[in-house]
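Enquirer: Okay, here's the structure, questions in a sec.
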Amino acid sequence: MRVAATSNNAVVRDAPAARRAGTGFSLSEAANGPVRTAPGQLHAISGVDVLVALQGVEDSTERRKRAVRRGRSALDALDALKVGLLAGTLDQAAVNRLKAAAAELSGNTGDQGLDQVLADIDLRIQVEIAKLTRCSS
């Protein structure tokens, strides 16, 4: 919706002073009050500005989907760690993926149950990282 003023330089003046008949007293044009200018023309928001603004708005569904994706990624990293430990081929890349997955788990999704599950996954990752750093030290 676009709102536009009729003129950029519209002038607004106070109502003219009341004049009484027969008094001989009159106010000059300058004494009528200060001259006020109308607000300038409003600028319409362009389509690109609206899209950029809407990208910053995050609804709860998108926040939940992103949290579920991060949780699944963290569980995949834990599974890769388990497979590496069982096969005896644990490498530093698996540990780095686990640390990166732990860093992504922080945040509030707005769903208390999902937040609890993500906190449990994060705790498990922190325990595994502590075990690995203790063993490698």
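Identifiers in the structure tokens: chain A, B, ... in order shown; residue index from 1 per chain; ligand index from 1 in order shown.
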Could you name the residues that touch range 115-129 of chain A at 7 Å or less, counting only C-alpha atoms, but leaving out those on the same chain fewer than 6 positions away, as a list in words?
Expert: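 In the requested form, the answer reads Gly71, Leu98, Ala102, Leu105, Asn108 and Thr109 of chain A.
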Enquirer: I want to know what sits within 9 Å of Glu104 in chain A, based on only C-alpha atoms, with residues of the same chain fewer than 5 positions away left out; could you give that as a PDB file with N, CA and C atoms, in the first residue's frame?
Expert:
ATOM      1  N   ALA A  67      16.041 -26.929  14.481  1.00  0.00           N
ATOM      2  CA  ALA A  67      16.541 -27.596  15.684  1.00  0.00           C
ATOM      3  C   ALA A  67      16.533 -29.119  15.514  1.00  0.00           C
ATOM      4  N   ARG A  70      19.493 -30.045  13.396  1.00  0.00           N
ATOM      5  CA  ARG A  70      20.743 -30.000  14.166  1.00  0.00           C
ATOM      6  C   ARG A  70      20.836 -31.195  15.112  1.00  0.00           C
ATOM      7  N   GLY A  71      19.716 -31.598  15.710  1.00  0.00           N
ATOM      8  CA  GLY A  71      19.710 -32.765  16.586  1.00  0.00           C
ATOM      9  C   GLY A  71      20.045 -34.040  15.834  1.00  0.00           C
ATOM     10  N   ALA A  74      23.705 -34.101  15.075  1.00  0.00           N
ATOM     11  CA  ALA A  74      24.479 -34.454  16.267  1.00  0.00           C
ATOM     12  C   ALA A  74      24.408 -35.953  16.538  1.00  0.00           C
ATOM     13  N   LYS A  99      32.447 -32.106  17.930  1.00  0.00           N
ATOM     14  CA  LYS A  99      32.557 -30.792  18.576  1.00  0.00           C
ATOM     15  C   LYS A  99      31.722 -29.745  17.831  1.00  0.00           C
TER      16      LYS A  99
END
Enquirer: Using only C-alpha atoms, which of the listed residues (A:Lys82, A:Leu51, A:Leu132, A:Glu62) sits closest to Gly110 in chain A?
Expert: A:Glu62
Enquirer: Have a look at A:Ala93, A:Ala53, A:Ala101, A:Arg63 and name the one nearest to Leu78 in chain A; count only C-alpha atoms.
Expert: A:Ala101
Enquirer: If you measure from CA of Ser73 in chain A to CA of Ala103 in chain A, what distance in Å do you get, rounded to one decimal?
Expert: 11.5 Å
Enquirer: Based on DSSP run over this structure's backbone, return all residues of range 93-133 of chain A in helix (DSSP H, G or I), as number ranges by chain.
Expert: A: 93-104, 112-133
Enquirer: In Å, rounded to a single decimal, give me how far CA of Cys135 in chain A is from CA of Asp76 in chain A.
Expert: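 Going from CA of Asp76 in chain A over to CA of Cys135 in chain A covers 22.1 Å.
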